[in-house]
>>> print(open('query_2.cif').read())   # mmCIF, C-alpha atoms
data_query
#
loop_
_atom_site.group_PDB
_atom_site.id
_atom_site.type_symbol
_atom_site.label_atom_id
_atom_site.label_comp_id
_atom_site.auth_asym_id
_atom_site.auth_seq_id
_atom_site.Cartn_x
_atom_site.Cartn_y
_atom_site.Cartn_z
ATOM 1 C CA MET A 1 -44.439 -16.030 8.880
ATOM 2 C CA ILE A 2 -46.850 -15.495 6.028
ATOM 3 C CA PRO A 3 -45.074 -15.569 2.649
ATOM 4 C CA LEU A 4 -45.041 -12.473 0.440
ATOM 5 C CA ALA A 5 -45.019 -14.568 -2.738
ATOM 6 C CA LEU A 6 -48.037 -16.869 -2.893
ATOM 7 C CA ASP A 7 -48.442 -20.150 -4.736
ATOM 8 C CA ILE A 8 -50.729 -20.367 -7.714
ATOM 9 C CA GLU A 9 -53.535 -22.151 -5.827
ATOM 10 C CA THR A 10 -53.728 -19.495 -3.110
ATOM 11 C CA SER A 11 -53.425 -16.689 -5.648
ATOM 12 C CA ALA A 12 -56.181 -18.194 -7.791
ATOM 13 C CA GLN A 13 -58.396 -18.510 -4.721
ATOM 14 C CA LEU A 14 -57.870 -14.819 -3.939
ATOM 15 C CA LEU A 15 -58.679 -13.887 -7.542
ATOM 16 C CA ASN A 16 -61.647 -16.281 -7.647
ATOM 17 C CA ILE A 17 -60.456 -18.109 -10.770
ATOM 18 C CA GLU A 18 -59.198 -21.624 -11.470
ATOM 19 C CA SER A 19 -55.484 -22.161 -10.908
ATOM 20 C CA LYS A 20 -55.072 -23.568 -14.431
ATOM 21 C CA ARG A 21 -56.549 -20.373 -15.900
ATOM 22 C CA LEU A 22 -54.265 -18.248 -13.722
ATOM 23 C CA GLU A 23 -51.249 -20.218 -14.913
ATOM 24 C CA GLU A 24 -52.258 -19.525 -18.541
ATOM 25 C CA ILE A 25 -52.535 -15.807 -17.744
ATOM 26 C CA LEU A 26 -49.095 -15.832 -16.115
ATOM 27 C CA GLN A 27 -47.522 -17.632 -19.072
ATOM 28 C CA LYS A 28 -48.950 -14.989 -21.420
ATOM 29 C CA ARG A 29 -47.502 -12.340 -19.062
ATOM 30 C CA GLU A 30 -50.895 -10.669 -18.669
ATOM 31 C CA ILE A 31 -50.125 -10.577 -14.944
ATOM 32 C CA GLU A 32 -46.644 -10.206 -13.498
ATOM 33 C CA GLY A 33 -45.568 -13.430 -11.812
ATOM 34 C CA ILE A 34 -42.434 -15.051 -10.467
ATOM 35 C CA ARG A 35 -41.412 -18.430 -11.814
ATOM 36 C CA ILE A 36 -39.277 -20.521 -9.486
ATOM 37 C CA GLY A 37 -38.359 -23.743 -11.225
ATOM 38 C CA ASN A 38 -41.630 -25.068 -12.615
ATOM 39 C CA GLU A 39 -43.807 -23.250 -10.093
ATOM 40 C CA TRP A 40 -45.427 -19.841 -10.382
ATOM 41 C CA ARG A 41 -45.729 -17.374 -7.508
ATOM 42 C CA LEU A 42 -47.540 -14.063 -7.263
ATOM 43 C CA SER A 43 -46.424 -11.244 -5.043
ATOM 44 C CA VAL A 44 -48.953 -9.936 -2.522
ATOM 45 C CA PHE A 45 -48.081 -6.502 -3.909
ATOM 46 C CA VAL A 46 -49.138 -7.520 -7.440
ATOM 47 C CA LEU A 47 -52.301 -9.116 -6.060
ATOM 48 C CA SER A 48 -53.091 -6.004 -4.047
ATOM 49 C CA ARG A 49 -52.857 -3.835 -7.193
ATOM 50 C CA ILE A 50 -55.114 -6.215 -9.134
ATOM 51 C CA LEU A 51 -57.651 -6.381 -6.300
ATOM 52 C CA ASN A 52 -57.410 -2.662 -5.535
ATOM 53 C CA THR A 53 -56.573 -3.257 -1.890
ATOM 54 C CA SER A 54 -53.522 -3.119 0.325
ATOM 55 C CA PRO A 55 -50.986 -5.897 0.852
ATOM 56 C CA TYR A 56 -51.884 -5.635 4.544
ATOM 57 C CA GLU A 57 -55.532 -6.539 3.762
ATOM 58 C CA ILE A 58 -54.427 -9.570 1.749
ATOM 59 C CA LEU A 59 -52.121 -10.724 4.535
ATOM 60 C CA GLU A 60 -54.899 -10.253 7.103
ATOM 61 C CA TYR A 61 -57.262 -12.293 4.938
ATOM 62 C CA LEU A 62 -54.674 -15.065 4.530
ATOM 63 C CA GLU A 63 -53.985 -15.115 8.253
ATOM 64 C CA ASP A 64 -57.715 -15.590 8.913
ATOM 65 C CA LEU A 65 -57.933 -18.243 6.204
ATOM 66 C CA TYR A 66 -54.974 -20.219 7.594
ATOM 67 C CA LEU A 67 -56.391 -19.974 11.116
ATOM 68 C CA ALA A 68 -59.786 -21.249 9.930
ATOM 69 C CA GLN A 69 -58.109 -24.160 8.127
ATOM 70 C CA SER A 70 -56.133 -25.043 11.264
ATOM 71 C CA ILE A 71 -59.284 -24.972 13.368
ATOM 72 C CA GLU A 72 -61.049 -27.268 10.881
ATOM 73 C CA GLU A 73 -58.149 -29.727 11.065
ATOM 74 C CA ILE A 74 -58.343 -30.060 14.848
ATOM 75 C CA GLU A 75 -62.098 -29.740 15.423
ATOM 76 C CA GLY A 76 -62.594 -33.508 15.393
ATOM 77 C CA GLU A 77 -59.591 -34.187 17.611
ATOM 78 C CA PRO A 78 -60.169 -35.232 21.219
ATOM 79 C CA SER A 79 -59.547 -32.763 24.024
ATOM 80 C CA TYR A 80 -57.885 -33.895 27.245
ATOM 81 C CA SER A 81 -57.399 -32.557 30.724
ATOM 82 C CA PRO A 82 -53.725 -32.368 31.774
ATOM 83 C CA GLU A 83 -53.989 -35.709 33.595
ATOM 84 C CA GLU A 84 -55.752 -37.408 30.671
ATOM 85 C CA GLY A 85 -53.230 -35.923 28.253
ATOM 86 C CA ARG A 86 -50.332 -37.264 30.294
ATOM 87 C CA LYS A 87 -51.866 -40.768 30.261
ATOM 88 C CA GLU A 88 -52.351 -40.596 26.481
ATOM 89 C CA TYR A 89 -48.781 -39.359 26.016
ATOM 90 C CA GLU A 90 -47.406 -42.225 28.127
ATOM 91 C CA LYS A 91 -49.557 -44.699 26.195
ATOM 92 C CA ILE A 92 -48.153 -43.449 22.884
ATOM 93 C CA LEU A 93 -44.587 -43.613 24.207
ATOM 94 C CA SER A 94 -45.050 -47.197 25.413
ATOM 95 C CA GLN A 95 -46.361 -48.253 21.987
ATOM 96 C CA GLY A 96 -43.154 -47.024 20.357
ATOM 97 C CA GLN A 97 -40.964 -49.379 22.419
#
>>> encode(input="query_2.cif", output="structure tokens")
Amino acid sequence: MIPLALDIETSAQLLNIESKRLEEILQKREIEGIRIGNEWRLSVFVLSRILNTSPYEILEYLEDLYLAQSIEEIEGEPSYSPEEGRKEYEKILSQGQ
């Protein structure tokens, strides 16, 4: 599930500003934010108003972004056939004993 309240880094990326600058803006209450403990969050609804788009568009963008990041993480990983994968799995299990 994609969160409806985004962390400051993700929000800053969407707004194309530095997260430190966004935190200053939030502290001055120039933008409506949610403070949970010491961490700021921005609602996708607030971001959609600022960016003049729909929350759906922001969520679609984030879904694509997270998918791209996941693909980058596994691109260098080896790919196995079912038989090769089973051998690797058994090898890993035997190392744990």
>>> axis_aligned_box(input="query_2.cif", around="range 13-28 of chain A", padding_each_side="4 Å", output="lines of an AutoDock Vina configuration file")
center_x = -54.6
center_y = -18.7
center_z = -12.7
size_x = 22.1
size_y = 17.7
size_z = 25.5
>>> atom_distance(input="query_2.cif", atom1="CA of Leu4 in chain A", atom2="CA of Glu30 in chain A")
20.1 Å
>>> residues_around(input="query_2.cif", residues="range 10-26 of chain A", least_positions_apart="5", cutoff="10 Å", atoms="all atoms listed in the file", output="PDB file with C-alpha atoms, in the coordinates of the input")
ATOM      1  CA  ALA A   5     -45.019 -14.568  -2.738  1.00  0.00           C
ATOM      2  CA  ILE A  31     -50.125 -10.577 -14.944  1.00  0.00           C
ATOM      3  CA  GLU A  32     -46.644 -10.206 -13.498  1.00  0.00           C
ATOM      4  CA  GLY A  33     -45.568 -13.430 -11.812  1.00  0.00           C
ATOM      5  CA  ILE A  34     -42.434 -15.051 -10.467  1.00  0.00           C
ATOM      6  CA  ARG A  35     -41.412 -18.430 -11.814  1.00  0.00           C
ATOM      7  CA  GLU A  39     -43.807 -23.250 -10.093  1.00  0.00           C
ATOM      8  CA  TRP A  40     -45.427 -19.841 -10.382  1.00  0.00           C
ATOM      9  CA  ARG A  41     -45.729 -17.374  -7.508  1.00  0.00           C
ATOM     10  CA  LEU A  42     -47.540 -14.063  -7.263  1.00  0.00           C
ATOM     11  CA  SER A  43     -46.424 -11.244  -5.043  1.00  0.00           C
ATOM     12  CA  VAL A  44     -48.953  -9.936  -2.522  1.00  0.00           C
ATOM     13  CA  LEU A  47     -52.301  -9.116  -6.060  1.00  0.00           C
ATOM     14  CA  ILE A  50     -55.114  -6.215  -9.134  1.00  0.00           C
ATOM     15  CA  LEU A  51     -57.651  -6.381  -6.300  1.00  0.00           C
ATOM     16  CA  ILE A  58     -54.427  -9.570   1.749  1.00  0.00           C
ATOM     17  CA  TYR A  61     -57.262 -12.293   4.938  1.00  0.00           C
ATOM     18  CA  LEU A  62     -54.674 -15.065   4.530  1.00  0.00           C
TER      19      LEU A  62
END
>>> atom_distance(input="query_2.cif", atom1="CA of Phe45 in chain A", atom2="CA of Pro3 in chain A")
11.6 Å
>>> atom_distance(input="query_2.cif", atom1="CA of Thr53 in chain A", atom2="CA of Ile71 in chain A")
26.7 Å
